[in-house]
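Asks: So here's run_33.cif (mmCIF, C-alpha atoms).
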```cif
data_upload
#
loop_
_atom_site.label_atom_id
_atom_site.label_comp_id
_atom_site.auth_asym_id
_atom_site.auth_seq_id
_atom_site.Cartn_x
_atom_site.Cartn_y
_atom_site.Cartn_z
CA MET A 29 190.88 140.52 -137.06
CA THR A 30 191.59 139.67 -133.42
CA VAL A 31 188.82 138.78 -131.00
CA LYS A 32 189.64 141.82 -128.85
CA ARG A 33 189.28 144.19 -131.81
CA ARG A 34 185.97 142.61 -132.83
CA ILE A 35 184.64 143.07 -129.28
CA VAL A 36 185.73 146.73 -129.28
CA PHE A 37 184.09 147.38 -132.66
CA THR A 38 180.88 145.67 -131.53
CA ALA A 39 180.76 147.71 -128.32
CA VAL A 40 181.32 150.96 -130.26
CA ALA A 41 178.58 149.99 -132.75
CA ILE A 42 176.12 149.31 -129.90
CA ILE A 43 176.96 152.66 -128.27
CA CYS A 44 176.43 154.45 -131.59
CA LEU A 45 173.10 152.65 -132.02
CA ILE A 46 172.00 153.73 -128.53
CA ILE A 47 172.90 157.34 -129.34
CA VAL A 48 170.94 157.22 -132.62
CA LEU A 49 167.92 155.70 -130.87
CA TYR A 50 168.10 158.34 -128.14
CA LEU A 51 168.19 161.15 -130.71
CA SER A 52 165.28 159.53 -132.55
CA GLN A 53 163.26 159.29 -129.35
CA GLU A 54 163.95 162.89 -128.35
CA PHE A 55 163.85 164.85 -131.61
CA MET A 56 161.68 162.89 -134.04
CA SER A 57 157.90 163.17 -134.19
CA SER A 58 155.78 160.48 -132.59
CA TYR A 59 154.89 159.13 -136.05
CA TYR A 60 158.52 158.41 -137.00
CA SER A 61 159.24 157.10 -133.52
CA ARG A 62 156.44 154.57 -133.97
CA ILE A 63 157.92 153.48 -137.30
CA ILE A 64 161.34 152.94 -135.70
CA THR A 65 159.63 150.96 -132.93
CA LEU A 66 157.84 148.87 -135.56
CA ILE A 67 161.16 148.13 -137.29
CA GLY A 68 162.43 146.59 -134.05
CA ILE A 69 159.26 144.50 -133.62
CA TYR A 70 159.32 143.26 -137.21
CA GLY A 71 163.02 142.48 -136.78
CA ILE A 72 162.24 140.16 -133.85
CA MET A 73 159.50 138.42 -135.86
CA ALA A 74 161.79 137.96 -138.86
CA VAL A 75 164.82 136.74 -136.87
CA SER A 76 162.71 134.22 -134.93
CA LEU A 77 161.23 132.83 -138.16
CA THR A 78 164.70 132.76 -139.77
CA LEU A 79 165.84 130.36 -137.04
CA VAL A 80 163.02 127.99 -138.00
CA ASN A 81 162.68 128.40 -141.76
CA GLY A 82 166.15 129.56 -142.76
CA ILE A 83 168.62 127.89 -140.40
CA SER A 84 166.90 124.65 -139.39
CA GLY A 85 165.40 124.13 -142.84
CA VAL A 86 161.75 123.42 -141.93
CA PHE A 87 159.00 125.44 -143.60
CA SER A 88 156.61 126.70 -140.93
CA LEU A 89 153.45 128.71 -141.58
CA GLY A 90 152.34 128.87 -137.96
CA HIS A 91 154.32 131.87 -136.75
CA ALA A 92 151.25 134.09 -136.41
CA GLY A 93 149.81 131.63 -133.88
CA PHE A 94 152.76 132.05 -131.51
CA ILE A 95 152.66 135.83 -131.98
CA ALA A 96 148.96 135.74 -131.04
CA VAL A 97 149.61 133.65 -127.92
CA GLY A 98 152.29 136.07 -126.72
CA ALA A 99 150.10 139.07 -127.52
CA TYR A 100 147.04 137.85 -125.64
CA THR A 101 149.02 136.56 -122.65
CA SER A 102 150.91 139.82 -122.22
CA ALA A 103 147.79 141.94 -122.75
CA LEU A 104 145.86 140.05 -120.07
CA LEU A 105 148.74 140.50 -117.63
CA THR A 106 149.28 144.23 -118.20
CA LEU A 107 145.66 145.42 -118.16
CA SER A 108 144.48 146.69 -114.79
CA PRO A 109 141.61 144.88 -113.00
CA GLN A 110 139.39 147.94 -113.59
CA GLN A 111 140.08 147.89 -117.35
CA LYS A 112 139.37 144.16 -117.48
CA GLU A 113 136.04 144.65 -115.73
CA ILE A 114 135.04 147.28 -118.30
CA THR A 115 136.36 145.27 -121.28
CA PHE A 116 134.79 141.89 -120.51
CA LEU A 117 131.09 142.73 -120.77
CA ILE A 118 129.71 139.60 -122.48
CA GLU A 119 131.43 137.12 -120.15
CA LYS A 120 133.54 137.80 -117.10
CA LEU A 121 137.28 137.13 -117.33
CA ILE A 122 138.25 133.85 -115.74
CA TRP A 123 140.34 133.62 -112.59
CA PRO A 124 143.21 134.43 -111.96
CA PHE A 125 143.61 136.89 -114.84
CA ASN A 126 140.81 139.12 -113.53
CA SER A 127 142.89 140.24 -110.54
CA ILE A 128 146.49 140.11 -111.85
CA GLN A 129 148.50 143.04 -113.18
CA LEU A 130 152.22 142.69 -113.87
CA PRO A 131 154.93 145.05 -115.16
CA PHE A 132 155.38 145.02 -118.91
CA PHE A 133 158.78 143.30 -118.86
CA TRP A 134 157.54 140.30 -116.88
CA ALA A 135 154.32 140.13 -118.89
CA THR A 136 156.35 140.06 -122.11
CA LEU A 137 158.66 137.36 -120.74
CA ILE A 138 155.71 135.22 -119.63
CA GLY A 139 154.09 135.73 -123.04
CA GLY A 140 157.25 134.35 -124.67
CA VAL A 141 157.31 131.35 -122.31
CA VAL A 142 153.64 130.52 -122.97
CA ALA A 143 154.26 130.80 -126.72
CA ALA A 144 157.26 128.44 -126.35
CA ILE A 145 155.02 125.92 -124.53
CA PHE A 146 152.53 126.10 -127.41
CA ALA A 147 155.42 125.64 -129.86
CA LEU A 148 156.50 122.52 -127.97
CA ALA A 149 152.95 121.13 -127.99
CA ILE A 150 152.55 121.84 -131.72
CA GLY A 151 156.06 120.86 -132.80
CA TRP A 152 156.10 117.51 -130.97
CA PRO A 153 153.54 115.87 -133.32
CA SER A 154 154.06 118.11 -136.37
CA LEU A 155 157.83 117.75 -136.76
CA ARG A 156 157.38 114.07 -137.50
CA LEU A 157 156.10 115.36 -140.85
CA THR A 158 158.35 116.85 -143.52
CA GLY A 159 158.10 119.36 -146.34
CA ASP A 160 154.68 120.62 -147.40
CA TYR A 161 152.91 118.38 -144.88
CA PHE A 162 154.62 120.17 -141.99
CA ALA A 163 153.78 123.59 -143.48
CA ILE A 164 150.09 122.64 -143.80
CA ALA A 165 150.01 121.26 -140.25
CA THR A 166 151.49 124.43 -138.72
CA LEU A 167 149.14 126.58 -140.80
CA GLY A 168 146.22 124.57 -139.42
CA PHE A 169 147.44 124.93 -135.82
CA ALA A 170 147.84 128.71 -136.26
CA GLU A 171 144.28 128.96 -137.55
CA ILE A 172 143.06 126.82 -134.61
CA ILE A 173 144.67 129.31 -132.20
CA ARG A 174 142.95 132.20 -134.00
CA ILE A 175 139.56 130.44 -133.90
CA PHE A 176 139.98 129.76 -130.17
CA ALA A 177 140.77 133.45 -129.67
CA LEU A 178 137.60 134.28 -131.61
CA ASN A 179 135.35 132.08 -129.47
CA LEU A 180 136.84 132.09 -125.94
CA ASN A 181 134.90 135.12 -124.69
CA SER A 182 135.87 134.51 -121.07
CA LEU A 183 139.58 134.65 -121.90
CA THR A 184 140.13 136.71 -125.07
CA ASN A 185 136.86 138.72 -125.21
CA GLY A 186 136.05 137.02 -128.51
CA ALA A 187 135.64 139.12 -131.64
CA LEU A 188 135.71 142.36 -129.63
CA GLY A 189 139.31 141.76 -128.63
CA LEU A 190 141.28 143.60 -125.97
CA LYS A 191 141.29 147.38 -126.26
CA ALA A 192 143.14 150.31 -124.67
CA LEU A 193 146.32 148.40 -123.93
CA PRO A 194 149.00 150.43 -122.14
CA ASP A 195 151.43 152.13 -124.51
CA HIS A 196 154.52 150.25 -123.32
CA SER A 197 156.05 149.46 -126.72
CA ASN A 198 158.59 152.17 -127.45
CA ILE A 199 161.96 152.40 -129.19
CA TRP A 200 163.90 151.17 -126.16
CA ALA A 201 161.66 148.16 -125.54
CA SER A 202 161.52 146.97 -129.16
CA TRP A 203 165.20 147.51 -129.98
CA GLY A 204 166.34 146.18 -126.62
CA TRP A 205 164.47 142.92 -127.22
CA LEU A 206 165.78 142.89 -130.81
CA LEU A 207 169.37 143.00 -129.52
CA VAL A 208 168.58 140.15 -127.11
CA THR A 209 166.97 138.14 -129.92
CA VAL A 210 169.89 138.68 -132.31
CA ALA A 211 172.45 137.82 -129.60
CA CYS A 212 170.64 134.59 -128.64
CA VAL A 213 169.89 133.40 -132.18
CA THR A 214 173.40 134.28 -133.41
CA SER A 215 175.05 132.45 -130.50
CA LEU A 216 172.81 129.46 -131.09
CA SER A 217 173.42 129.55 -134.84
CA TYR A 218 177.21 129.50 -134.57
CA SER A 219 177.38 126.88 -131.82
CA SER A 220 177.65 123.14 -132.42
CA PHE A 221 173.86 123.05 -132.20
CA GLY A 222 173.59 125.59 -135.02
CA ARG A 223 176.06 123.67 -137.18
CA ALA A 224 173.93 120.57 -136.68
CA LEU A 225 170.86 122.54 -137.78
CA ARG A 226 172.67 123.65 -140.94
CA ALA A 227 173.68 120.07 -141.65
CA ILE A 228 170.03 119.01 -141.31
CA ARG A 229 168.98 121.83 -143.63
CA GLU A 230 171.45 120.78 -146.32
CA ASP A 231 170.81 117.02 -146.16
CA ARG A 232 168.49 115.54 -143.57
CA VAL A 233 169.37 111.91 -144.36
CA ALA A 234 173.13 112.50 -144.28
CA ALA A 235 172.87 114.40 -140.98
CA GLN A 236 170.90 111.56 -139.44
CA ALA A 237 173.46 109.07 -140.72
CA MET A 238 176.19 111.09 -138.97
CA GLY A 239 174.42 110.61 -135.64
CA ILE A 240 172.53 113.93 -135.39
CA ASN A 241 169.15 113.67 -133.68
CA VAL A 242 167.11 115.50 -136.34
CA PHE A 243 163.83 115.60 -134.42
CA LYS A 244 165.43 116.90 -131.21
CA HIS A 245 167.37 119.68 -132.95
CA GLN A 246 164.46 120.89 -135.06
CA LEU A 247 162.08 120.78 -132.08
CA MET A 248 164.50 122.87 -130.02
CA ALA A 249 164.81 125.45 -132.82
CA PHE A 250 161.02 125.49 -133.19
CA VAL A 251 160.54 126.16 -129.46
CA VAL A 252 163.16 128.94 -129.37
CA GLY A 253 161.58 130.53 -132.46
CA GLY A 254 158.17 130.32 -130.78
CA PHE A 255 159.53 132.00 -127.65
CA PHE A 256 160.83 135.05 -129.52
CA ALA A 257 157.67 135.13 -131.64
CA GLY A 258 155.71 135.45 -128.37
CA ILE A 259 158.01 138.29 -127.31
CA SER A 260 157.33 140.10 -130.58
CA GLY A 261 153.59 139.46 -130.15
CA SER A 262 153.61 141.21 -126.78
CA LEU A 263 155.43 144.22 -128.24
CA TYR A 264 153.17 144.24 -131.31
CA ALA A 265 149.95 144.19 -129.26
CA HIS A 266 151.07 147.09 -127.08
CA TRP A 267 152.27 148.96 -130.18
CA LEU A 268 148.82 148.59 -131.75
CA SER A 269 147.18 149.25 -128.34
CA THR A 270 144.58 146.64 -129.30
CA ILE A 271 144.52 142.97 -130.21
CA ASP A 272 141.72 141.03 -131.91
CA PRO A 273 141.40 137.75 -133.86
CA ARG A 274 141.06 139.27 -137.35
CA THR A 275 143.05 137.55 -140.11
CA ASN A 276 145.04 140.68 -140.92
CA THR A 277 145.97 141.24 -137.26
CA ILE A 278 147.14 137.86 -135.97
CA GLY A 279 146.02 135.58 -138.81
CA ILE A 280 147.64 134.07 -141.87
CA MET A 281 148.34 137.50 -143.38
CA LEU A 282 150.80 138.24 -140.57
CA THR A 283 152.67 134.99 -141.29
CA PHE A 284 152.89 135.90 -144.98
CA ASN A 285 154.17 139.37 -144.05
CA VAL A 286 156.98 137.86 -141.99
CA LEU A 287 157.75 135.44 -144.84
CA ILE A 288 158.10 138.42 -147.19
CA MET A 289 160.57 139.99 -144.74
CA ILE A 290 162.88 136.99 -144.54
CA VAL A 291 162.72 136.22 -148.28
CA LEU A 292 163.40 139.87 -149.11
CA GLY A 293 166.38 140.01 -146.75
CA GLY A 294 167.70 136.55 -147.58
CA LEU A 295 166.41 133.22 -146.32
CA GLY A 296 168.88 131.92 -143.75
CA SER A 297 170.53 135.25 -142.90
CA ILE A 298 169.96 136.96 -139.55
CA THR A 299 171.30 140.22 -140.97
CA GLY A 300 169.00 139.86 -143.96
CA ALA A 301 166.01 139.26 -141.65
CA ILE A 302 166.62 142.59 -139.91
CA ILE A 303 167.06 144.37 -143.26
CA GLY A 304 163.87 142.76 -144.59
CA GLY A 305 161.93 143.76 -141.47
CA ALA A 306 163.15 147.35 -141.74
CA LEU A 307 162.25 147.56 -145.44
CA PHE A 308 158.81 146.06 -144.84
CA ALA A 309 158.06 148.49 -141.99
CA PHE A 310 159.19 151.47 -144.07
CA LEU A 311 157.33 150.42 -147.23
CA SER A 312 154.14 149.51 -145.38
CA GLU A 313 153.92 153.09 -144.12
CA TRP A 314 155.22 154.83 -147.24
CA LEU A 315 152.76 153.02 -149.52
CA ARG A 316 149.74 154.23 -147.57
CA PHE A 317 149.20 156.92 -150.21
CA LEU A 318 148.01 154.15 -152.56
CA GLU A 319 144.93 153.66 -150.36
CA GLY A 320 143.95 157.35 -150.26
CA PRO A 321 142.92 159.92 -152.89
CA MET A 322 145.73 160.66 -155.37
CA ASN A 323 146.19 163.55 -157.80
CA ILE A 324 148.03 162.34 -160.94
CA LEU A 325 148.49 164.80 -163.84
CA GLY A 326 145.48 166.79 -162.72
CA PHE A 327 143.23 163.72 -162.42
CA LYS A 328 141.92 162.80 -158.99
CA ILE A 329 142.04 159.05 -158.44
CA MET A 330 140.44 157.38 -155.45
CA GLY A 331 142.65 154.99 -153.56
CA ILE A 332 141.91 151.29 -153.31
CA THR A 333 141.78 149.65 -149.90
CA GLY A 334 144.33 146.86 -149.64
CA LEU A 335 146.41 148.03 -152.60
CA ARG A 336 149.51 148.03 -150.40
CA MET A 337 149.25 144.27 -149.98
CA LEU A 338 148.88 143.88 -153.74
CA VAL A 339 152.19 145.73 -154.14
CA PHE A 340 153.83 143.55 -151.47
CA SER A 341 152.50 140.37 -153.08
CA SER A 342 153.80 141.46 -156.48
CA LEU A 343 157.17 142.29 -154.93
CA PHE A 344 157.25 138.84 -153.31
CA VAL A 345 156.56 137.12 -156.66
CA VAL A 346 159.22 139.19 -158.47
CA ILE A 347 161.84 138.43 -155.80
CA MET A 348 161.09 134.70 -155.88
CA ILE A 349 161.47 134.64 -159.69
CA PHE A 350 164.40 136.97 -160.33
CA TRP A 351 166.18 137.25 -156.98
CA PRO A 352 165.42 134.15 -154.92
CA ARG A 353 168.44 134.57 -152.61
CA GLY A 354 167.28 137.99 -151.41
CA ILE A 355 169.50 140.89 -150.41
CA MET A 356 171.97 138.98 -148.21
CA GLY A 357 171.40 135.41 -149.36
CA ARG A 358 172.87 133.31 -146.54
CA ARG A 359 175.66 135.78 -145.81
CA GLU A 360 175.97 137.64 -142.51
CA PHE A 361 177.49 140.98 -141.62
CA SER A 362 180.88 140.60 -139.91
CA TRP A 363 183.77 142.89 -139.06
CA ASP A 364 186.15 140.56 -140.90
CA GLY A 365 184.03 140.81 -144.05
CA LEU A 366 183.88 144.61 -143.76
CA ALA A 367 187.66 144.82 -143.28
CA SER A 368 188.34 142.55 -146.27
CA LEU A 369 185.99 144.71 -148.38
CA PHE A 370 188.05 147.84 -147.60
CA LYS A 371 191.28 145.93 -148.26
CA ARG A 372 190.06 144.89 -151.71
CA ARG A 373 189.16 148.49 -152.51
CA ASP A 374 192.61 149.69 -151.38
CA ARG A 375 194.29 147.14 -153.64
CA LYS A 376 192.21 148.28 -156.62
#
```
Go through the file and emit its structure as structure tokens.

Replies:
Amino acid sequence: MTVKRRIVFTAVAIICLIIVLYLSQEFMSSYYSRIITLIGIYGIMAVSLTLVNGISGVFSLGHAGFIAVGAYTSALLTLSPQQKEITFLIEKLIWPFNSIQLPFFWATLIGGVVAAIFALAIGWPSLRLTGDYFAIATLGFAEIIRIFALNLNSLTNGALGLKALPDHSNIWASWGWLLVTVACVTSLSYSSFGRALRAIREDRVAAQAMGINVFKHQLMAFVVGGFFAGISGSLYAHWLSTIDPRTNTIGIMLTFNVLIMIVLGGLGSITGAIIGGALFAFLSEWLRFLEGPMNILGFKIMGITGLRMLVFSSLFVVIMIFWPRGIMGRREFSWDGLASLFKRRDRK
């Protein structure tokens, strides 16, 4: 397929997506609109972690820390000075956050930049480790960030968190940032830099012998992944309308949730990351009935709190045993692949 035809097909697909999102925003209930918004947010989280874990080949467990940094930074910048004065009752908010209020776009962008700076500070010493040692180090740094958020009352309001955040996260914001994330990560993945990352993933020693600076490339991927994780954290906080340092909000559970997304979709596939994020968002809402009263064959059974996560954990174990490559494996959606699929069917 020619480059011109691929560009035309991509433009038509984007226009169709915009139309579908517009119809969803206008005619669907607020509940389903929030689910579609959550799909976009989870997609950004999954794609950013795919760049680190799937493409560059390092196993990071610190993604929730960067999401938390982006969430808190953006929340502090979008709250009005009056809201901050009401929220920070135990200790007053430190200067200059107590008097600053920025538009959501710039607050989200700054949240991503701050998260990227944290990723640089964490990745610089940690990426000198390999394998399980790196995973444990990033997990420890993510927990350090959460503990700081729990105790810095003058900056994060401690265990009370930040409440009544403006409802800025909608379908257009989440899916717009998802398109930006996919465009940036895809361009990076298929550049010479991305090919070097894949070489490092396949054989670190051989890539280094060929003259590739392993530390520099992995650090760059780690920082870019941290930036988009901060973007998703800003969107996630304003989708929740609250942010606090609980483990199931910005703690290790969030990292495991994103890991389930990328393993379900296919570790190393950007397309698979989006599919995994969409499935996780849909299932996390659909399985809520497991935590409420159920009527089965005339018997009333009380739901069990947290049973959804038990189902997700079981699904994760089953996938790792019987389907370790996930839905897409390392394959990506492409117009050439779609055209060749139709050609094979015509021949048959």

Asks: Run the PyMOL selection byres ((chain A and resi 253-270) around 7) on the file and write out the hits as a ChimeraX atom specification.

Replies: /A:69,72-73,76-77,79-80,91,94-99,102,136-137,139-141,143-144,147,190-197,202,209,249-252,271-272

Asks: State, in Å with one decimal place, the distance from atom CA of Thr299 of chain A to atom CA of Phe361 of chain A.

Replies: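 Here the two named atoms are 6.3 Å from each other.
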
Asks: Anything within 8 Å of (189.7, 141.8, -136.3): list those residues as a ChimeraX atom specification, counting all atoms listed in the file and sticking to the file's coordinates.

Replies: /A:29-34,363-364,367

Asks: Can you spit out the residues from that selection as a PDB file, in the coordinates of the input, using C-alpha atoms?

Replies:
```
ATOM      1  CA  MET A  29     190.880 140.520-137.060  1.00  0.00           C
ATOM      2  CA  THR A  30     191.590 139.670-133.420  1.00  0.00           C
ATOM      3  CA  VAL A  31     188.820 138.780-131.000  1.00  0.00           C
ATOM      4  CA  LYS A  32     189.640 141.820-128.850  1.00  0.00           C
ATOM      5  CA  ARG A  33     189.280 144.190-131.810  1.00  0.00           C
ATOM      6  CA  ARG A  34     185.970 142.610-132.830  1.00  0.00           C
ATOM      7  CA  TRP A 363     183.770 142.890-139.060  1.00  0.00           C
ATOM      8  CA  ASP A 364     186.150 140.560-140.900  1.00  0.00           C
ATOM      9  CA  ALA A 367     187.660 144.820-143.280  1.00  0.00           C
TER      10      ALA A 367
END
```

Asks: Mind telling me what the PyMOL selection byres ((chain A and resi 241-244) around 9) catches here, as a list in words?

Replies: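 Applying the PyMOL selection byres ((chain A and resi 241-244) around 9) to the structure shown produces Trp152, Leu155, Arg156, Ala224, Leu225, Ile228, Arg232, Ala235, Gln236, Gly239, Ile240, His245, Gln246, Leu247, Met248 and Ala249 of chain A.
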
Asks: If the PyMOL selection byres ((chain A and resi 305) around 7) were run on this exact file, what residues would it hold? Put them as a list of chain:residue names.

Replies: A:Ile67, A:Tyr70, A:Gly71, A:Ala74, A:Met289, A:Ala301, A:Ile302, A:Ile303, A:Gly304, A:Ala306, A:Leu307, A:Phe308, A:Ala309

Asks: Work out how far apart atom CA of Ile172 of chain A and atom CA of Phe146 of chain A are and give it in Å to one decimal.

Replies: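 Pair atom CA of Ile172 of chain A / atom CA of Phe146 of chain A returns 11.9 Å.
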
Asks: Point out the residue among A:Phe310, A:Phe176, A:Thr283, A:Phe317 with the least atom-to-atom distance to Ile329 of chain A, counting all atoms listed in the file.

Replies: A:Phe317

Asks: Looking at A:Tyr59, A:Ser52, A:Arg174, A:Ala187, which one is nearest to Phe116 of chain A, with distances taken over all atoms listed in the file?

Replies: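 When distances to Phe116 of chain A are compared using all atoms listed in the file, the smallest one comes from A:Ala187.
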
Asks: Using atom CA of Leu338 of chain A and atom CA of Trp314 of chain A as the two end points, give the distance in Å to one decimal.

Replies: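 Straight-line distance from atom CA of Leu338 of chain A to atom CA of Trp314 of chain A works out to 14.2 Å.
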